[in-house]
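Before any comments, here is the structure.
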Amino acid sequence: VVLESGVLDRMAKSADATVEYRVHVRYGYKVGGRDYEGTRVALGPVRVYFDHAQAEARAARYRVDSRIMVRHDPGDPESAVLEAGAQNV
C-alpha cells in the first residue's frame, strides 16, 4: 500500500540554477508475514524531471492508500521496486 507520494524539488548543481524534481513514493508490503517499507520506484538512478507537471503526473500513479504491486528480490525481500525496468524509460 502507498504510504506517501509526492514530488521533491531541489536546485541543481549547475551555473543556471535549474530546479530538479524527483518523485517520492514510500510504500509498505509483506513478504512471508513480515512487514517491509520501500522507496524505490524502479531500478537504476533516480529519474530527474525539469518539468514539475511531468513529475506530478508520474507521482499521481501512486495515490496514498492505494494497493500496488511490489516487486522484491526473493533472496532479499528488503530490496524492492514498483516498476520493472530502468527509471529512465
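Just remember, in the C-alpha cells the first chain shown is A, the second B, etc., residues are 1-based per chain, and ligands are 1-based in the order shown.
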Practice item. Write out as a PyMOL selection string the residues lying within 7 Å of Tyr49 of chain A, counting only C-alpha atoms and excluding same-chain residues fewer than 3 positions away. Key: chain A and resi 20-22+52+54-55
Taking all heavy atoms for each residue, export the selection above as a compact mmCIF listing (two decimals), in the first residue's frame.
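Contents of the output file part-v9.txt:
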# COMPACT_ATOMS: atom_id res chain seq x y z
N GLU A 20 15.36 20.86 -10.09
CA GLU A 20 15.12 19.46 -10.45
C GLU A 20 13.99 18.93 -9.59
O GLU A 20 13.87 19.28 -8.42
CB GLU A 20 16.36 18.61 -10.16
CG GLU A 20 17.57 18.96 -10.97
CD GLU A 20 18.77 18.11 -10.58
OE1 GLU A 20 18.77 17.47 -9.50
OE2 GLU A 20 19.73 18.11 -11.36
N TYR A 21 13.17 18.08 -10.18
CA TYR A 21 12.06 17.46 -9.47
C TYR A 21 12.23 15.94 -9.48
O TYR A 21 12.62 15.37 -10.48
CB TYR A 21 10.73 17.83 -10.13
CG TYR A 21 10.51 19.31 -10.20
CD1 TYR A 21 10.78 20.01 -11.37
CD2 TYR A 21 10.04 20.01 -9.10
CE1 TYR A 21 10.58 21.39 -11.44
CE2 TYR A 21 9.85 21.39 -9.16
CZ TYR A 21 10.12 22.06 -10.33
OH TYR A 21 9.94 23.41 -10.38
N ARG A 22 11.93 15.34 -8.34
CA ARG A 22 12.03 13.88 -8.22
C ARG A 22 10.76 13.36 -7.58
O ARG A 22 10.21 13.97 -6.67
CB ARG A 22 13.21 13.50 -7.34
CG ARG A 22 14.54 13.91 -7.95
CD ARG A 22 15.67 13.83 -6.93
NE ARG A 22 16.86 14.45 -7.49
CZ ARG A 22 17.93 13.77 -7.87
NH1 ARG A 22 17.97 12.47 -7.73
NH2 ARG A 22 18.97 14.40 -8.38
N HIS A 52 7.82 20.31 -13.51
CA HIS A 52 7.06 19.90 -12.32
C HIS A 52 5.83 19.08 -12.70
O HIS A 52 5.50 18.08 -12.05
CB HIS A 52 6.66 21.12 -11.49
CG HIS A 52 6.08 20.76 -10.17
ND1 HIS A 52 4.74 20.58 -9.98
CD2 HIS A 52 6.68 20.51 -8.98
CE1 HIS A 52 4.52 20.26 -8.72
NE2 HIS A 52 5.67 20.20 -8.09
N GLN A 54 5.36 17.06 -15.21
CA GLN A 54 5.72 15.68 -15.56
C GLN A 54 5.97 14.85 -14.31
O GLN A 54 5.56 13.69 -14.23
CB GLN A 54 6.96 15.66 -16.45
CG GLN A 54 6.70 16.12 -17.86
CD GLN A 54 7.96 16.07 -18.71
OE1 GLN A 54 9.08 16.19 -18.19
NE2 GLN A 54 7.78 15.92 -20.00
N ALA A 55 6.66 15.43 -13.35
CA ALA A 55 6.92 14.72 -12.09
C ALA A 55 5.60 14.44 -11.36
O ALA A 55 5.40 13.35 -10.82
CB ALA A 55 7.87 15.52 -11.21
*asked:* List the spatial neighbours of Arg40 of chain A as a ChimeraX atom specification - criterion: any atom at most 10 Å away, only C-alpha atoms, same-chain residues fewer than 3 positions off excluded.
replied: /A:23-27,37,43-46,70,79-83,87
Given the selection you just returned, output its residues as a file containing all heavy atoms, formatted as a tab-separated table (two decimals), in the first residue's frame.
chain	number	residue	atom	x	y	z
A	23	VAL	N	10.32	12.21	-8.05
A	23	VAL	CA	9.13	11.58	-7.49
A	23	VAL	C	9.53	10.84	-6.22
A	23	VAL	O	10.52	10.13	-6.19
A	23	VAL	CB	8.51	10.60	-8.52
A	23	VAL	CG1	7.38	9.80	-7.91
A	23	VAL	CG2	8.04	11.36	-9.75
A	24	HIS	N	8.74	11.04	-5.17
A	24	HIS	CA	8.98	10.34	-3.90
A	24	HIS	C	7.76	9.48	-3.60
A	24	HIS	O	6.63	9.98	-3.57
A	24	HIS	CB	9.19	11.34	-2.76
A	24	HIS	CG	9.15	10.68	-1.42
A	24	HIS	ND1	10.17	9.88	-0.95
A	24	HIS	CD2	8.19	10.68	-0.46
A	24	HIS	CE1	9.85	9.42	0.24
A	24	HIS	NE2	8.66	9.89	0.56
A	25	VAL	N	7.99	8.19	-3.43
A	25	VAL	CA	6.93	7.27	-3.05
A	25	VAL	C	7.47	6.39	-1.92
A	25	VAL	O	8.56	5.85	-2.01
A	25	VAL	CB	6.50	6.35	-4.23
A	25	VAL	CG1	5.37	5.42	-3.79
A	25	VAL	CG2	6.09	7.18	-5.44
A	26	ARG	N	6.70	6.29	-0.85
A	26	ARG	CA	7.03	5.36	0.25
A	26	ARG	C	5.88	4.38	0.33
A	26	ARG	O	4.71	4.78	0.34
A	26	ARG	CB	7.21	6.10	1.57
A	26	ARG	CG	7.72	5.20	2.70
A	26	ARG	CD	8.13	6.02	3.93
A	26	ARG	NE	7.02	6.70	4.54
A	26	ARG	CZ	6.24	6.20	5.49
A	26	ARG	NH1	6.45	4.98	5.97
A	26	ARG	NH2	5.24	6.91	5.99
A	27	TYR	N	6.21	3.10	0.34
A	27	TYR	CA	5.17	2.07	0.31
A	27	TYR	C	5.50	0.96	1.30
A	27	TYR	O	6.64	0.75	1.68
A	27	TYR	CB	5.02	1.51	-1.11
A	27	TYR	CG	6.33	1.08	-1.75
A	27	TYR	CD1	6.82	-0.20	-1.60
A	27	TYR	CD2	7.07	1.99	-2.49
A	27	TYR	CE1	8.02	-0.59	-2.19
A	27	TYR	CE2	8.27	1.63	-3.08
A	27	TYR	CZ	8.74	0.34	-2.93
A	27	TYR	OH	9.93	-0.03	-3.50
A	37	GLU	N	9.10	-1.77	4.22
A	37	GLU	CA	8.82	-0.50	3.58
A	37	GLU	C	9.87	-0.24	2.53
A	37	GLU	O	11.03	-0.63	2.69
A	37	GLU	CB	8.83	0.66	4.58
A	37	GLU	CG	7.61	0.73	5.43
A	37	GLU	CD	7.52	2.01	6.25
A	37	GLU	OE1	8.28	2.96	5.99
A	37	GLU	OE2	6.69	2.04	7.16
A	43	LEU	N	14.51	0.34	-10.95
A	43	LEU	CA	15.96	0.11	-10.87
A	43	LEU	C	16.71	1.26	-11.54
A	43	LEU	O	16.16	1.97	-12.36
A	43	LEU	CB	16.31	-1.20	-11.57
A	43	LEU	CG	15.69	-2.45	-10.96
A	43	LEU	CD1	15.99	-3.66	-11.85
A	43	LEU	CD2	16.21	-2.67	-9.55
A	44	GLY	N	17.96	1.40	-11.17
A	44	GLY	CA	18.80	2.43	-11.78
A	44	GLY	C	18.78	3.72	-10.99
A	44	GLY	O	18.17	3.81	-9.92
A	45	PRO	N	19.43	4.74	-11.53
A	45	PRO	CA	19.46	6.03	-10.84
A	45	PRO	C	18.06	6.64	-10.78
A	45	PRO	O	17.22	6.37	-11.64
A	45	PRO	CB	20.41	6.88	-11.68
A	45	PRO	CG	20.53	6.19	-12.98
A	45	PRO	CD	20.17	4.75	-12.77
A	46	VAL	N	17.83	7.46	-9.78
A	46	VAL	CA	16.55	8.12	-9.62
A	46	VAL	C	16.33	9.07	-10.79
A	46	VAL	O	17.21	9.85	-11.15
A	46	VAL	CB	16.50	8.90	-8.29
A	46	VAL	CG1	15.22	9.72	-8.18
A	46	VAL	CG2	16.63	7.94	-7.12
A	70	VAL	N	4.26	-4.74	-5.64
A	70	VAL	CA	5.67	-4.50	-5.31
A	70	VAL	C	6.46	-5.70	-5.80
A	70	VAL	O	6.10	-6.85	-5.54
A	70	VAL	CB	5.86	-4.31	-3.78
A	70	VAL	CG1	7.33	-4.16	-3.43
A	70	VAL	CG2	5.04	-3.12	-3.29
A	79	SER	N	14.91	-5.53	-0.69
A	79	SER	CA	15.23	-4.92	-1.99
A	79	SER	C	13.99	-5.03	-2.88
A	79	SER	O	13.64	-6.11	-3.35
A	79	SER	CB	16.42	-5.66	-2.62
A	79	SER	OG	16.72	-5.09	-3.86
A	80	ALA	N	13.32	-3.88	-3.10
A	80	ALA	CA	12.06	-3.89	-3.83
A	80	ALA	C	11.92	-2.66	-4.71
A	80	ALA	O	12.52	-1.62	-4.44
A	80	ALA	CB	10.90	-3.95	-2.84
A	81	VAL	N	11.11	-2.80	-5.76
A	81	VAL	CA	10.77	-1.69	-6.65
A	81	VAL	C	9.30	-1.82	-7.03
A	81	VAL	O	8.68	-2.87	-6.87
A	81	VAL	CB	11.64	-1.67	-7.94
A	81	VAL	CG1	13.09	-1.43	-7.61
A	81	VAL	CG2	11.46	-2.94	-8.74
A	82	LEU	N	8.75	-0.74	-7.58
A	82	LEU	CA	7.36	-0.75	-8.04
A	82	LEU	C	7.25	-1.04	-9.52
A	82	LEU	O	6.26	-1.61	-9.97
A	82	LEU	CB	6.69	0.59	-7.74
A	82	LEU	CG	6.62	0.97	-6.27
A	82	LEU	CD1	5.96	2.34	-6.12
A	82	LEU	CD2	5.87	-0.07	-5.48
A	83	GLU	N	8.23	-0.62	-10.30
A	83	GLU	CA	8.17	-0.76	-11.75
A	83	GLU	C	9.33	-1.62	-12.23
A	83	GLU	O	10.46	-1.41	-11.84
A	83	GLU	CB	8.24	0.60	-12.43
A	83	GLU	CG	7.10	1.52	-12.05
A	83	GLU	CD	7.23	2.92	-12.63
A	83	GLU	OE1	8.15	3.15	-13.45
A	83	GLU	OE2	6.44	3.78	-12.24
A	87	GLN	N	14.65	3.29	-14.58
A	87	GLN	CA	13.98	4.55	-14.33
A	87	GLN	C	13.85	5.42	-15.57
A	87	GLN	O	12.88	6.13	-15.73
A	87	GLN	CB	14.75	5.37	-13.29
A	87	GLN	CG	14.59	4.91	-11.90
A	87	GLN	CD	13.41	5.53	-11.20
A	87	GLN	OE1	12.50	6.09	-11.78
A	87	GLN	NE2	13.39	5.42	-9.90
Q: Just the alpha helix (DSSP H) stuff from chain A, please, per backbone DSSP, written as a PyMOL selection string.
A: chain A and resi 52-59
Output all heavy atoms for every residue in that selection, as a JSON list (two decimals), in the first residue's frame.
[["chain", "number", "residue", "atom", "x", "y", "z"],
["A", 52, "HIS", "N", 7.82, 20.31, -13.51],
["A", 52, "HIS", "CA", 7.06, 19.90, -12.32],
["A", 52, "HIS", "C", 5.83, 19.08, -12.70],
["A", 52, "HIS", "O", 5.50, 18.08, -12.05],
["A", 52, "HIS", "CB", 6.66, 21.12, -11.49],
["A", 52, "HIS", "CG", 6.08, 20.76, -10.17],
["A", 52, "HIS", "ND1", 4.74, 20.58, -9.98],
["A", 52, "HIS", "CD2", 6.68, 20.51, -8.98],
["A", 52, "HIS", "CE1", 4.52, 20.26, -8.72],
["A", 52, "HIS", "NE2", 5.67, 20.20, -8.09],
["A", 53, "ALA", "N", 5.15, 19.46, -13.77],
["A", 53, "ALA", "CA", 3.93, 18.75, -14.19],
["A", 53, "ALA", "C", 4.23, 17.31, -14.57],
["A", 53, "ALA", "O", 3.43, 16.41, -14.28],
["A", 53, "ALA", "CB", 3.27, 19.49, -15.36],
["A", 54, "GLN", "N", 5.36, 17.06, -15.21],
["A", 54, "GLN", "CA", 5.72, 15.68, -15.56],
["A", 54, "GLN", "C", 5.97, 14.85, -14.31],
["A", 54, "GLN", "O", 5.56, 13.69, -14.23],
["A", 54, "GLN", "CB", 6.96, 15.66, -16.45],
["A", 54, "GLN", "CG", 6.70, 16.12, -17.86],
["A", 54, "GLN", "CD", 7.96, 16.07, -18.71],
["A", 54, "GLN", "OE1", 9.08, 16.19, -18.19],
["A", 54, "GLN", "NE2", 7.78, 15.92, -20.00],
["A", 55, "ALA", "N", 6.66, 15.43, -13.35],
["A", 55, "ALA", "CA", 6.92, 14.72, -12.09],
["A", 55, "ALA", "C", 5.60, 14.44, -11.36],
["A", 55, "ALA", "O", 5.40, 13.35, -10.82],
["A", 55, "ALA", "CB", 7.87, 15.52, -11.21],
["A", 56, "GLU", "N", 4.71, 15.43, -11.33],
["A", 56, "GLU", "CA", 3.40, 15.24, -10.68],
["A", 56, "GLU", "C", 2.61, 14.13, -11.36],
["A", 56, "GLU", "O", 1.95, 13.34, -10.69],
["A", 56, "GLU", "CB", 2.60, 16.55, -10.73],
["A", 56, "GLU", "CG", 3.02, 17.57, -9.72],
["A", 56, "GLU", "CD", 2.57, 17.25, -8.31],
["A", 56, "GLU", "OE1", 1.72, 16.36, -8.12],
["A", 56, "GLU", "OE2", 3.10, 17.88, -7.39],
["A", 57, "ALA", "N", 2.68, 14.07, -12.68],
["A", 57, "ALA", "CA", 1.94, 13.04, -13.41],
["A", 57, "ALA", "C", 2.44, 11.64, -13.04],
["A", 57, "ALA", "O", 1.65, 10.71, -12.87],
["A", 57, "ALA", "CB", 2.07, 13.26, -14.91],
["A", 58, "ARG", "N", 3.74, 11.50, -12.89],
["A", 58, "ARG", "CA", 4.27, 10.18, -12.50],
["A", 58, "ARG", "C", 3.91, 9.86, -11.06],
["A", 58, "ARG", "O", 3.53, 8.74, -10.74],
["A", 58, "ARG", "CB", 5.78, 10.12, -12.70],
["A", 58, "ARG", "CG", 6.31, 8.72, -12.44],
["A", 58, "ARG", "CD", 7.48, 8.39, -13.26],
["A", 58, "ARG", "NE", 7.87, 7.01, -13.12],
["A", 58, "ARG", "CZ", 9.11, 6.59, -13.20],
["A", 58, "ARG", "NH1", 10.07, 7.44, -13.45],
["A", 58, "ARG", "NH2", 9.39, 5.32, -13.07],
["A", 59, "ALA", "N", 4.00, 10.83, -10.17],
["A", 59, "ALA", "CA", 3.65, 10.61, -8.76],
["A", 59, "ALA", "C", 2.17, 10.26, -8.63],
["A", 59, "ALA", "O", 1.79, 9.48, -7.74],
["A", 59, "ALA", "CB", 3.98, 11.84, -7.93]]
Going by DSSP on the backbone, which residues of chain A come out as strand (DSSP E or B)? List them as a ChimeraX atom specification. /A:2-11,19-31,34-38,43,49,71-73,76-81,86
- prompt: Mind pulling up the distance from atom CA of Val48 of chain A to atom CA of Pro74 of chain A?
  reply: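 Separating atom CA of Pro74 of chain A from atom CA of Val48 of chain A is a distance of 28.6 Å.
Nearest residue to Tyr36 of chain A, choosing from A:Ala84, A:Pro77, A:Ile68, A:Ser5 and counting only C-alpha atoms: A:Pro77.
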query: Looking at only C-alpha atoms, which of A:Val64, A:Val31, A:Met69, A:Leu8 is the one that sits closest to Asp51 of chain A?
result: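 With only C-alpha atoms as the atom set, the closest residue is A:Leu8.
Relative to atom CA of Glu78 of chain A, atom CA of Val1 of chain A is found at 15.3 Å.
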Review point. Near Arg63 of chain A, within 9 Å and counting only C-alpha atoms, which residues show up once chain neighbours fewer than 2 positions away are dropped, as a ChimeraX atom specification?
Key: /A:2-6,59-61,65-67
